[in-house]
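Shown next, in structure tokens, is the structure this report addresses.
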Amino acid sequence: MKSVFLIPLYKPAGRHVLLLQSALSACPAGQGHVFLVVADGPNSEVEWNKATLEQLQAVAQSKKIDLRLYSRLHASGYPGCFQELMVDALGIEDAQTIQFIDQDDYCLPVRFSPRASNATMASSTLVVNQHFNVLTMHRFDESVHTGLLETPSQGMTFSTTPAMAKKYLKLCVDFPEAAKAPHDYVIAQLAIHDGTMERAPGPSMIYIQHADNAIGYVSGYQWVARKLKTFSQVMERTLRHARILDHIYGNTYWTRSAALHRNPLRSLLYRSILKLAR
């Protein structure tokens, strides 16, 4: 089954090479997969060594992978670059799934296990620090109710259908706030609403929690402390997500009918924010 993998690059500090090596190594041969790897604008600081490029292209050709490396004239930012790449992917003939990979996280062999062509799928993820010491496993199981103000799993594990990509892009036009929110969050909520969110076997990716990450893995009271430290941004993001959910579900009843996060403490914090603001 032919998939298109979307990989936007912006100031990757060289980590994109290891990502592509891991992805090409794990990707099965002979299925006609397409990799769209794009430098997001003239200041993206994406550098390619000629010898490394030749090696990557040789591996891709040996596996009949269509590896396309290109640049945008103007930066689109996140998640705008993913949205533009989805448009590119929809123009590729016979693509049955569209999949997302971040620039400095690494593929495990099961990342390329068969994905459903009629559902949005995500997997569990191994979370490691920048020295590759394991911090935790972020588990995704569709049998456990996912709160509506969280993303089921990291977006780099996601695959979705061309139909869902079109639905998502239409929503971004009809309701511009959706275009500002992370693409994986919005796509996941559309799929949860449609009943088409499923679990891929895994974990399928290694998520690198760099020391300077603005978001990522933190546990327990550290998570609460970080949210309180940036409370105005948290409130702005939470209310934006709430408005997106209002648009998707057509009402505000979701605030009373579902947990807002799988973690009860985090759910309580989100519920308090909504009560303060609404």
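Scheme for the structure tokens: letters A, B, ... for chains in order shown; per-chain residue numbers from 1; ligand numbers from 1 in order shown.
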Margin query: Excluding Asp66 of chain A and its own-chain neighbours fewer than 5 positions away, which residues fall within 9 Å of it when counting only C-alpha atoms? Please give them as a count of residues only.
Written below: 8
Next item on the list: Pull the alpha helix (DSSP H) assignments for segment 3-168 of chain A out of DSSP run on the backbone, and list those residues as an MDAnalysis selection string.
Entry: chainID A and resid 15:26 50:62 80:90 162:168
Which segment 38-71 of chain A residues have any atom within 12 Å of an atom of segment 20-26 of chain A, and for each, what is the nearest pair of atoms with distance in Å to one decimal, counting only C-alpha atoms, rows sorted by chain and number, as a tab-separated table?
residue	atom	partner	partner_atom	distance
A:Trp48	CA	A:Leu20	CA	11.9
A:Thr52	CA	A:Gln21	CA	9.7
A:Leu53	CA	A:Leu20	CA	10.3
A:Gln55	CA	A:Gln21	CA	9.3
A:Leu56	CA	A:Gln21	CA	7.0
A:Gln57	CA	A:Leu24	CA	9.6
A:Ala58	CA	A:Leu24	CA	10.3
A:Val59	CA	A:Leu24	CA	7.0
A:Ala60	CA	A:Leu24	CA	6.6
A:Gln61	CA	A:Leu24	CA	10.2
A:Ser62	CA	A:Leu24	CA	10.3
A:Lys63	CA	A:Leu24	CA	8.5
A:Lys64	CA	A:Leu24	CA	10.6
A:Ile65	CA	A:Leu24	CA	8.3
A:Asp66	CA	A:Leu24	CA	10.6
A:Leu67	CA	A:Leu24	CA	9.3
A:Arg68	CA	A:Leu20	CA	11.7
A:Leu69	CA	A:Leu20	CA	11.2
Give me, as a PDB file with all heavy atoms, in the first residue's frame, all polymer residues having an atom no more than 8 Å from Gln154 of chain A, counting only C-alpha atoms and skipping those fewer than 6 positions away in the same chain.
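Printed below is part.pdb as written:
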ATOM      1  N   ALA A 122      -2.660   6.041  15.187  1.00  0.00           N
ATOM      2  CA  ALA A 122      -1.507   6.529  15.925  1.00  0.00           C
ATOM      3  C   ALA A 122      -0.970   5.384  16.761  1.00  0.00           C
ATOM      4  O   ALA A 122      -1.657   4.380  16.971  1.00  0.00           O
ATOM      5  CB  ALA A 122      -1.888   7.714  16.807  1.00  0.00           C
ATOM      6  N   THR A 125       4.761   5.605  21.801  1.00  0.00           N
ATOM      7  CA  THR A 125       6.051   6.206  21.493  1.00  0.00           C
ATOM      8  C   THR A 125       7.008   6.024  22.661  1.00  0.00           C
ATOM      9  O   THR A 125       6.610   6.172  23.819  1.00  0.00           O
ATOM     10  CB  THR A 125       5.889   7.727  21.251  1.00  0.00           C
ATOM     11  OG1 THR A 125       4.846   7.952  20.326  1.00  0.00           O
ATOM     12  CG2 THR A 125       7.166   8.339  20.733  1.00  0.00           C
ATOM     13  N   ASP A 184      -1.978  17.548  14.228  1.00  0.00           N
ATOM     14  CA  ASP A 184      -2.310  16.226  14.760  1.00  0.00           C
ATOM     15  C   ASP A 184      -3.461  16.305  15.752  1.00  0.00           C
ATOM     16  O   ASP A 184      -4.298  15.398  15.814  1.00  0.00           O
ATOM     17  CB  ASP A 184      -1.083  15.566  15.379  1.00  0.00           C
ATOM     18  CG  ASP A 184      -0.350  16.465  16.366  1.00  0.00           C
ATOM     19  OD1 ASP A 184      -0.387  17.695  16.199  1.00  0.00           O
ATOM     20  OD2 ASP A 184       0.280  15.932  17.304  1.00  0.00           O
TER      21      ASP A 184
END
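Of the listed residues (A:Arg266, A:His138, A:His261, A:His193), A:His193 comes nearest to Tyr249 of chain A; the distances count only C-alpha atoms.
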Next item on the list: Write out as a ChimeraX atom specification which residues come within 8 Å of Ala188 of chain A when counting only C-alpha atoms, dropping same-chain ones fewer than 6 positions away.
Entry: /A:120,151-152,197
Checklist line | Best match for closeness to Tyr78 of chain A among A:His131, A:Arg115, A:His16, A:His183, counting only C-alpha atoms | finding: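 Result for the nearest residue to Tyr78 of chain A: A:His183.
Within segment 6-115 of chain A, DSSP run on the backbone puts these residues in strand (DSSP E): Leu6, Ile7, Pro8, Leu9, Val34, Phe35, Leu36, Val37, Val38, Ala39, Asp66, Leu67, Arg68, Leu69, Tyr70, Ser71, Thr97, Ile98, Gln99, Phe100, Tyr106 and Cys107 of chain A.
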Note to self: I want to know what sits within 12 Å of Phe112 of chain A, based on only C-alpha atoms, with residues of the same chain fewer than 5 positions away left out; could you give that as an MDAnalysis selection string?
What the structure shows: chainID A and resid 1:5 22:29 31 33 97 99:101 107 122:123 157:159 200:205
Item checked: Gap from atom CA of Gly14 of chain A to atom CA of Asp104 of chain A - Å, one decimal -> 8.7 Å
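In this structure, atom CA of Thr160 of chain A sits 6.2 Å away from atom CA of Ala119 of chain A.
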Item checked: Residue nearest Gly195 of chain A - candidates A:Met121, A:Val46, A:Val173, A:Val134, atoms counted: only C-alpha atoms -> A:Met121
Notebook entry, point to check: What's the 8 Å shell around Glu45 of chain A, counting only C-alpha atoms, without same-chain residues fewer than 5 positions away, as a list in words?
Noted result: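 So the residues in contact are Tyr10, Lys11, Pro12 and Ala13 of chain A.
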Take the residues from that selection and put them in a file with N, CA, C and O atoms, as a PDB file, in the first residue's frame.
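Result went into result_35.pdb, see below:
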ATOM      1  N   TYR A  10      12.997  22.579   9.779  1.00  0.00           N
ATOM      2  CA  TYR A  10      13.285  23.971  10.134  1.00  0.00           C
ATOM      3  C   TYR A  10      14.340  23.972  11.234  1.00  0.00           C
ATOM      4  O   TYR A  10      14.102  23.506  12.342  1.00  0.00           O
ATOM      5  N   LYS A  11      15.522  24.452  10.898  1.00  0.00           N
ATOM      6  CA  LYS A  11      16.651  24.512  11.822  1.00  0.00           C
ATOM      7  C   LYS A  11      16.853  23.192  12.563  1.00  0.00           C
ATOM      8  O   LYS A  11      16.854  23.160  13.802  1.00  0.00           O
ATOM      9  N   PRO A  12      17.050  22.122  11.822  1.00  0.00           N
ATOM     10  CA  PRO A  12      17.156  20.804  12.468  1.00  0.00           C
ATOM     11  C   PRO A  12      18.512  20.510  13.098  1.00  0.00           C
ATOM     12  O   PRO A  12      18.673  19.459  13.730  1.00  0.00           O
ATOM     13  N   ALA A  13      19.485  21.384  12.916  1.00  0.00           N
ATOM     14  CA  ALA A  13      20.813  21.215  13.519  1.00  0.00           C
ATOM     15  C   ALA A  13      21.431  19.861  13.174  1.00  0.00           C
ATOM     16  O   ALA A  13      22.089  19.233  13.992  1.00  0.00           O
TER      17      ALA A  13
END
Notebook entry, point to check: With distances taken over only C-alpha atoms, which of A:Leu6, A:Leu108, A:Asp88, A:Glu177 is nearest to Asp246 of chain A?
Noted result: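 Once distances to Asp246 of chain A are computed over only C-alpha atoms, the minimum belongs to A:Glu177.
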